[in-house]
$ cat target-v3.txt   # compact mmCIF, C-alpha atoms
# COMPACT_ATOMS: atom_id res chain seq x y z
CA MET A 1 -117.50 114.13 -60.41
CA PHE A 2 -114.25 115.91 -59.53
CA GLY A 3 -115.09 116.34 -55.87
CA ALA A 4 -116.12 112.72 -55.37
CA ASN A 5 -112.87 111.50 -56.88
CA ALA A 6 -110.42 114.28 -56.08
CA ILE A 7 -107.35 112.07 -55.68
CA LEU A 8 -108.05 110.12 -58.86
CA PHE A 9 -108.54 113.38 -60.77
CA PHE A 10 -105.34 114.92 -59.43
CA MET A 11 -103.29 111.80 -60.16
CA PHE A 12 -104.93 111.35 -63.59
CA ALA A 13 -104.23 114.94 -64.58
CA GLY A 14 -100.66 114.76 -63.27
CA VAL A 15 -99.79 111.48 -64.96
CA VAL A 16 -101.49 112.22 -68.32
CA ALA A 17 -100.00 115.73 -68.49
CA ARG A 18 -96.53 114.27 -67.90
CA ILE A 19 -97.11 111.52 -70.50
CA LEU A 20 -98.09 114.18 -73.06
CA ILE A 21 -94.83 116.03 -72.54
CA MET A 22 -92.79 112.82 -72.35
CA ILE A 23 -93.87 111.33 -75.71
CA PRO A 24 -91.36 112.68 -78.24
CA VAL A 25 -92.63 113.79 -81.64
CA GLY A 26 -89.80 115.00 -83.87
CA GLU A 27 -88.18 117.99 -82.21
CA THR A 28 -90.91 118.43 -79.65
CA SER A 29 -93.45 116.49 -77.57
CA LEU A 30 -96.94 115.24 -78.28
CA LYS A 31 -98.27 118.18 -76.31
CA GLY A 32 -96.08 120.52 -78.34
CA VAL A 33 -97.39 119.08 -81.60
CA ILE A 34 -101.04 119.32 -80.56
CA PHE A 35 -100.47 122.98 -79.78
CA SER A 36 -98.18 124.08 -82.59
CA LYS A 37 -99.75 122.03 -85.40
CA ALA A 38 -103.43 122.24 -84.48
CA LEU A 39 -104.51 124.65 -81.80
CA GLN A 40 -102.09 127.53 -82.33
CA PRO A 41 -102.65 127.82 -86.13
CA LEU A 42 -106.42 127.57 -85.63
CA LEU A 43 -106.92 129.81 -82.63
CA GLY A 44 -103.73 131.79 -82.05
CA ASN A 45 -101.35 131.86 -79.09
CA TYR A 46 -103.64 132.69 -76.22
CA MET A 47 -106.87 131.05 -77.35
CA GLY A 48 -104.91 128.02 -78.55
CA SER A 49 -103.33 127.62 -75.14
CA PHE A 50 -106.70 128.14 -73.51
CA ALA A 51 -108.27 125.57 -75.86
CA PHE A 52 -105.63 123.04 -74.81
CA SER A 53 -106.58 123.53 -71.16
CA VAL A 54 -110.28 123.22 -71.94
CA LEU A 55 -109.72 120.06 -73.98
CA PHE A 56 -107.63 118.57 -71.20
CA LEU A 57 -110.34 119.45 -68.69
CA LEU A 58 -113.02 117.86 -70.90
CA LEU A 59 -110.93 114.70 -71.24
CA SER A 60 -110.45 114.54 -67.47
CA TYR A 61 -114.15 115.18 -66.93
CA ALA A 62 -115.12 112.38 -69.31
CA VAL A 63 -112.88 109.93 -67.48
CA MET A 64 -114.11 111.05 -64.05
CA TYR A 65 -117.71 110.86 -65.26
CA ALA A 66 -117.20 107.29 -66.48
CA CYS A 67 -115.69 106.36 -63.10
CA TYR A 68 -118.55 108.04 -61.26
CA LYS A 69 -121.13 106.15 -63.33
CA ARG A 70 -119.38 102.88 -62.54
CA ARG A 71 -119.06 103.86 -58.86
CA ILE A 72 -115.27 103.75 -59.07
CA PHE A 73 -113.75 105.94 -56.36
CA TRP A 74 -110.13 106.10 -55.33
CA LYS A 75 -110.13 106.63 -51.61
CA VAL A 76 -106.87 107.41 -49.91
CA MET B 1 -111.23 117.39 -46.84
CA SER B 2 -114.54 117.01 -44.97
CA ILE B 3 -112.91 115.68 -41.80
CA THR B 4 -116.14 116.32 -39.88
CA LEU B 5 -118.13 114.03 -42.15
CA SER B 6 -115.77 111.06 -42.06
CA VAL B 7 -114.79 111.36 -38.38
CA ASN B 8 -118.37 111.75 -37.17
CA ALA B 9 -119.42 108.76 -39.26
CA MET B 10 -116.58 106.65 -37.84
CA GLN B 11 -117.28 107.75 -34.27
CA ALA B 12 -120.97 106.89 -34.73
CA LYS B 13 -119.81 103.38 -35.56
CA GLY B 14 -117.84 103.30 -32.33
CA VAL B 15 -114.34 103.63 -33.78
CA SER B 16 -111.92 104.97 -31.16
CA LYS B 17 -110.00 108.22 -31.52
CA GLN B 18 -106.71 106.37 -31.61
CA GLN B 19 -107.99 104.13 -34.39
CA ILE B 20 -109.13 107.16 -36.40
CA LEU B 21 -105.78 108.87 -35.85
CA LYS B 22 -103.99 105.72 -36.98
CA SER B 23 -105.90 105.57 -40.26
CA GLY B 24 -105.22 109.31 -40.61
CA VAL B 25 -101.47 108.72 -40.33
CA LEU B 26 -101.75 106.02 -42.99
CA ARG B 27 -103.60 108.47 -45.21
CA THR B 28 -100.86 111.06 -44.73
CA VAL B 29 -98.21 108.49 -45.67
CA LYS B 30 -100.18 107.55 -48.80
CA LEU B 31 -100.62 111.18 -49.85
CA ILE B 32 -96.89 111.85 -49.41
CA ALA B 33 -96.05 108.71 -51.41
CA LEU B 34 -98.39 109.77 -54.23
CA GLY B 35 -96.81 113.21 -54.27
CA TRP B 36 -93.33 111.72 -54.56
CA PHE B 37 -94.54 109.41 -57.31
CA LEU B 38 -95.78 112.39 -59.34
CA ALA B 39 -92.50 114.21 -58.74
CA LEU B 40 -90.52 111.22 -60.03
CA PHE B 41 -92.86 110.32 -62.88
CA TYR B 42 -91.01 112.11 -65.66
CA TYR B 43 -88.31 111.18 -68.07
CA ASN B 44 -86.88 113.31 -70.85
CA PHE B 45 -86.59 110.95 -73.83
CA ARG B 46 -85.42 113.67 -76.17
CA ASP B 47 -82.34 114.79 -74.27
CA ALA B 48 -79.47 112.31 -74.39
CA ASN B 49 -77.87 114.07 -71.41
CA PHE B 50 -80.94 113.70 -69.23
CA SER B 51 -80.17 111.94 -65.97
CA TRP B 52 -83.25 110.78 -64.11
CA LEU B 53 -81.22 110.14 -60.97
CA GLU B 54 -79.59 113.57 -60.95
CA GLN B 55 -82.43 115.70 -62.24
CA ARG B 56 -85.40 113.89 -60.73
CA LEU B 57 -84.49 111.77 -57.73
CA PHE B 58 -81.65 113.80 -56.22
CA SER B 59 -83.23 117.17 -56.90
CA ILE B 60 -86.73 116.10 -55.92
CA ARG B 61 -89.08 118.73 -54.54
CA VAL B 62 -89.64 117.01 -51.22
CA MET B 63 -92.62 119.09 -50.18
CA GLY B 64 -94.96 119.10 -53.18
CA VAL B 65 -98.67 119.83 -53.14
CA LEU B 66 -99.91 116.37 -52.10
CA GLN B 67 -97.19 116.13 -49.44
CA ARG B 68 -98.38 119.40 -47.92
CA ILE B 69 -101.99 118.27 -48.05
CA GLY B 70 -100.94 115.09 -46.23
CA LEU B 71 -99.23 117.02 -43.44
CA VAL B 72 -102.01 119.56 -43.05
CA TYR B 73 -104.55 116.74 -43.02
CA ILE B 74 -103.00 114.90 -40.08
CA ILE B 75 -102.60 118.10 -38.05
CA ALA B 76 -106.18 119.18 -38.78
CA LEU B 77 -107.44 115.69 -37.94
CA ALA B 78 -105.61 115.71 -34.60
CA CYS B 79 -107.05 119.17 -33.84
CA TYR B 80 -110.57 118.00 -34.65
CA LEU B 81 -110.21 114.84 -32.57
CA TYR B 82 -108.60 116.35 -29.48
CA LEU B 83 -109.61 120.03 -29.36
CA LYS B 84 -112.97 121.60 -28.64
CA PRO B 85 -114.38 124.09 -31.20
CA LYS B 86 -113.18 127.18 -29.31
CA PRO B 87 -109.51 126.16 -29.08
CA ILE B 88 -109.70 125.23 -32.75
CA VAL B 89 -110.79 128.79 -33.56
CA PHE B 90 -107.93 130.14 -31.45
CA ALA B 91 -105.48 127.78 -33.15
CA LEU B 92 -106.76 128.91 -36.54
CA LEU B 93 -106.46 132.62 -35.75
CA GLY B 94 -103.10 132.10 -34.05
CA LEU B 95 -101.69 130.25 -37.04
CA LEU B 96 -103.04 132.76 -39.53
CA LEU B 97 -101.90 135.85 -37.63
CA GLY B 98 -98.65 134.24 -36.50
CA TYR B 99 -97.80 133.21 -40.05
CA GLY B 100 -98.70 136.65 -41.40
CA ALA B 101 -96.64 138.39 -38.72
CA LEU B 102 -93.61 136.18 -39.36
CA MET B 103 -93.86 136.71 -43.12
CA GLN B 104 -94.07 140.46 -42.61
CA TYR B 105 -91.63 141.12 -39.76
CA MET B 106 -89.19 138.22 -39.36
CA PRO B 107 -85.83 139.18 -40.89
CA TYR B 108 -84.00 136.72 -43.13
CA LYS B 109 -80.79 136.66 -45.12
CA LEU B 110 -80.70 136.86 -48.91
CA PRO B 111 -78.08 134.79 -50.81
CA THR B 112 -76.14 138.04 -51.26
CA GLY B 113 -75.80 138.34 -47.47
CA GLU B 114 -78.19 141.26 -47.26
CA VAL B 115 -80.77 141.04 -44.46
CA THR B 116 -84.35 141.86 -45.31
CA SER B 117 -87.93 141.23 -44.19
CA GLY B 118 -91.51 141.64 -45.35
CA LEU B 119 -90.88 140.82 -49.01
CA TRP B 120 -93.85 138.96 -50.44
CA LEU B 121 -92.16 138.18 -53.75
CA TYR B 122 -92.20 135.01 -55.81
CA GLY B 123 -89.34 132.88 -54.51
CA ASN B 124 -88.15 135.67 -52.24
CA ASN B 125 -90.01 135.70 -48.96
CA LEU B 126 -89.58 134.20 -45.51
CA SER B 127 -91.42 131.02 -46.50
CA ALA B 128 -89.17 130.51 -49.55
CA TRP B 129 -86.11 131.18 -47.40
CA PHE B 130 -87.29 128.52 -44.96
CA ASP B 131 -87.93 126.02 -47.79
CA ASN B 132 -84.43 126.54 -49.14
CA LEU B 133 -82.95 126.18 -45.66
CA LEU B 134 -84.56 122.74 -45.34
CA LEU B 135 -83.77 121.58 -48.87
CA PHE B 136 -80.08 122.38 -49.21
$ encode --input "target-v3.txt" --output "structure tokens"
Amino acid sequence: MFGANAILFFMFAGVVARILIMIPVGETSLKGVIFSKALQPLLGNYMGSFAFSVLFLLLSYAVMYACYKRRIFWKV
Amino acid sequence: MSITLSVNAMQAKGVSKQQILKSGVLRTVKLIALGWFLALFYYNFRDANFSWLEQRLFSIRVMGVLQRIGLVYIIALACYLYLKPKPIVFALLGLLLGYGALMQYMPYKLPTGEVTSGLWLYGNNLSAWFDNLLLF
């Protein structure tokens, strides 16, 4: 799923990651809140950070899988 | 990048080398444009002093990941189209060894004025020196 749609995956990850740090929530960003209010208290510094990566990867995979199923490929 | 797959398929359909190279150039341009888009796609809504022009556009990292992939792609494509396998192997070894030798032995100047060579440090090596030379 990632290999068949490498450009879409790279652009998706880049854009969504930037959106997560751009959305302001109080003093920090949406990404900051997800980490400091949910993942870090639950899992600690390192595992919380790791969990964020895994969640982001799962989200990306779900989107790429949906595109693959619908035969949507971004060819450059 | 599976150049072999796509080029062989196109050549089987009778597409000329020049035509393939042309679409390759277009692909490089698209990759570079996408890279620049990602570099510019950020705005700091929380900092009142944030200047998108100053901090994004004017200090853009010209050669990001996608931009490099675009350049490497067009060079690799040209090699595959116009060189036989043996010269490609020589080109590969030459580039690898040449790059390694330059990184190890070519002297360069630090910002302090000191001349050094063979440092393989983060942000302090011949390649980084070359990047900075081109960017500023």
$ interface_residues --input "target-v3.txt" --of "chain B" --to "chain A" --cutoff "7 Å" --atoms "only C-alpha atoms" --output "PyMOL selection string"
chain B and resi 27+30+38+42-46
$ atom_distance --input "target-v3.txt" --atom1 "atom CA of B:Asn124" --atom2 "atom CA of B:Met103"
10.8 Å
$ closest_residue --input "target-v3.txt" --among "B:Ile20, B:Leu133, B:Leu97, B:Ala91" --to "B:Ile74" --atoms "all atoms listed in the file"
B:Ile20
$ build_atoms --input "target-v3.txt" --residues "stretch 31-50 of chain A" --atoms "N, CA and C atoms" --output "mmCIF file, in the frame of the given file"
data_model
loop_
_atom_site.group_PDB
_atom_site.id
_atom_site.type_symbol
_atom_site.label_atom_id
_atom_site.label_comp_id
_atom_site.auth_asym_id
_atom_site.auth_seq_id
_atom_site.Cartn_x
_atom_site.Cartn_y
_atom_site.Cartn_z
ATOM 1 N N LYS A 31 -97.565 116.973 -76.716
ATOM 2 C CA LYS A 31 -98.270 118.180 -76.310
ATOM 3 C C LYS A 31 -97.878 119.349 -77.205
ATOM 4 N N GLY A 32 -96.579 119.451 -77.486
ATOM 5 C CA GLY A 32 -96.080 120.520 -78.340
ATOM 6 C C GLY A 32 -96.692 120.465 -79.728
ATOM 7 N N VAL A 33 -96.828 119.245 -80.255
ATOM 8 C CA VAL A 33 -97.390 119.080 -81.600
ATOM 9 C C VAL A 33 -98.868 119.450 -81.632
ATOM 10 N N ILE A 34 -99.609 118.980 -80.619
ATOM 11 C CA ILE A 34 -101.040 119.320 -80.560
ATOM 12 C C ILE A 34 -101.222 120.830 -80.567
ATOM 13 N N PHE A 35 -100.347 121.521 -79.836
ATOM 14 C CA PHE A 35 -100.470 122.980 -79.780
ATOM 15 C C PHE A 35 -99.985 123.638 -81.067
ATOM 16 N N SER A 36 -98.766 123.317 -81.489
ATOM 17 C CA SER A 36 -98.180 124.080 -82.590
ATOM 18 C C SER A 36 -98.720 123.691 -83.962
ATOM 19 N N LYS A 37 -99.244 122.462 -84.092
ATOM 20 C CA LYS A 37 -99.750 122.030 -85.400
ATOM 21 C C LYS A 37 -101.273 122.159 -85.529
ATOM 22 N N ALA A 38 -101.973 122.200 -84.404
ATOM 23 C CA ALA A 38 -103.430 122.240 -84.480
ATOM 24 C C ALA A 38 -104.036 123.463 -83.816
ATOM 25 N N LEU A 39 -103.795 123.614 -82.540
ATOM 26 C CA LEU A 39 -104.510 124.650 -81.800
ATOM 27 C C LEU A 39 -103.993 126.059 -82.085
ATOM 28 N N GLN A 40 -102.669 126.199 -82.127
ATOM 29 C CA GLN A 40 -102.090 127.530 -82.330
ATOM 30 C C GLN A 40 -102.415 128.093 -83.722
ATOM 31 N N PRO A 41 -102.284 127.291 -84.809
ATOM 32 C CA PRO A 41 -102.650 127.820 -86.130
ATOM 33 C C PRO A 41 -104.150 128.140 -86.225
ATOM 34 N N LEU A 42 -104.966 127.364 -85.556
ATOM 35 C CA LEU A 42 -106.420 127.570 -85.630
ATOM 36 C C LEU A 42 -106.880 128.762 -84.806
ATOM 37 N N LEU A 43 -106.326 128.875 -83.584
ATOM 38 C CA LEU A 43 -106.920 129.810 -82.630
ATOM 39 C C LEU A 43 -105.965 130.896 -82.138
ATOM 40 N N GLY A 44 -104.686 130.784 -82.513
ATOM 41 C CA GLY A 44 -103.730 131.790 -82.050
ATOM 42 C C GLY A 44 -103.086 131.382 -80.732
ATOM 43 N N ASN A 45 -102.133 132.202 -80.279
ATOM 44 C CA ASN A 45 -101.350 131.860 -79.090
ATOM 45 C C ASN A 45 -102.202 131.669 -77.842
ATOM 46 N N TYR A 46 -102.933 132.720 -77.494
ATOM 47 C CA TYR A 46 -103.640 132.690 -76.220
ATOM 48 C C TYR A 46 -104.841 131.760 -76.247
ATOM 49 N N MET A 47 -105.683 131.894 -77.283
ATOM 50 C CA MET A 47 -106.870 131.050 -77.350
ATOM 51 C C MET A 47 -106.481 129.595 -77.600
ATOM 52 N N GLY A 48 -105.388 129.382 -78.323
ATOM 53 C CA GLY A 48 -104.910 128.020 -78.550
ATOM 54 C C GLY A 48 -104.492 127.367 -77.254
ATOM 55 N N SER A 49 -103.763 128.112 -76.439
ATOM 56 C CA SER A 49 -103.330 127.620 -75.140
ATOM 57 C C SER A 49 -104.540 127.357 -74.247
ATOM 58 N N PHE A 50 -105.478 128.288 -74.299
ATOM 59 C CA PHE A 50 -106.700 128.140 -73.510
ATOM 60 C C PHE A 50 -107.479 126.908 -73.967
#
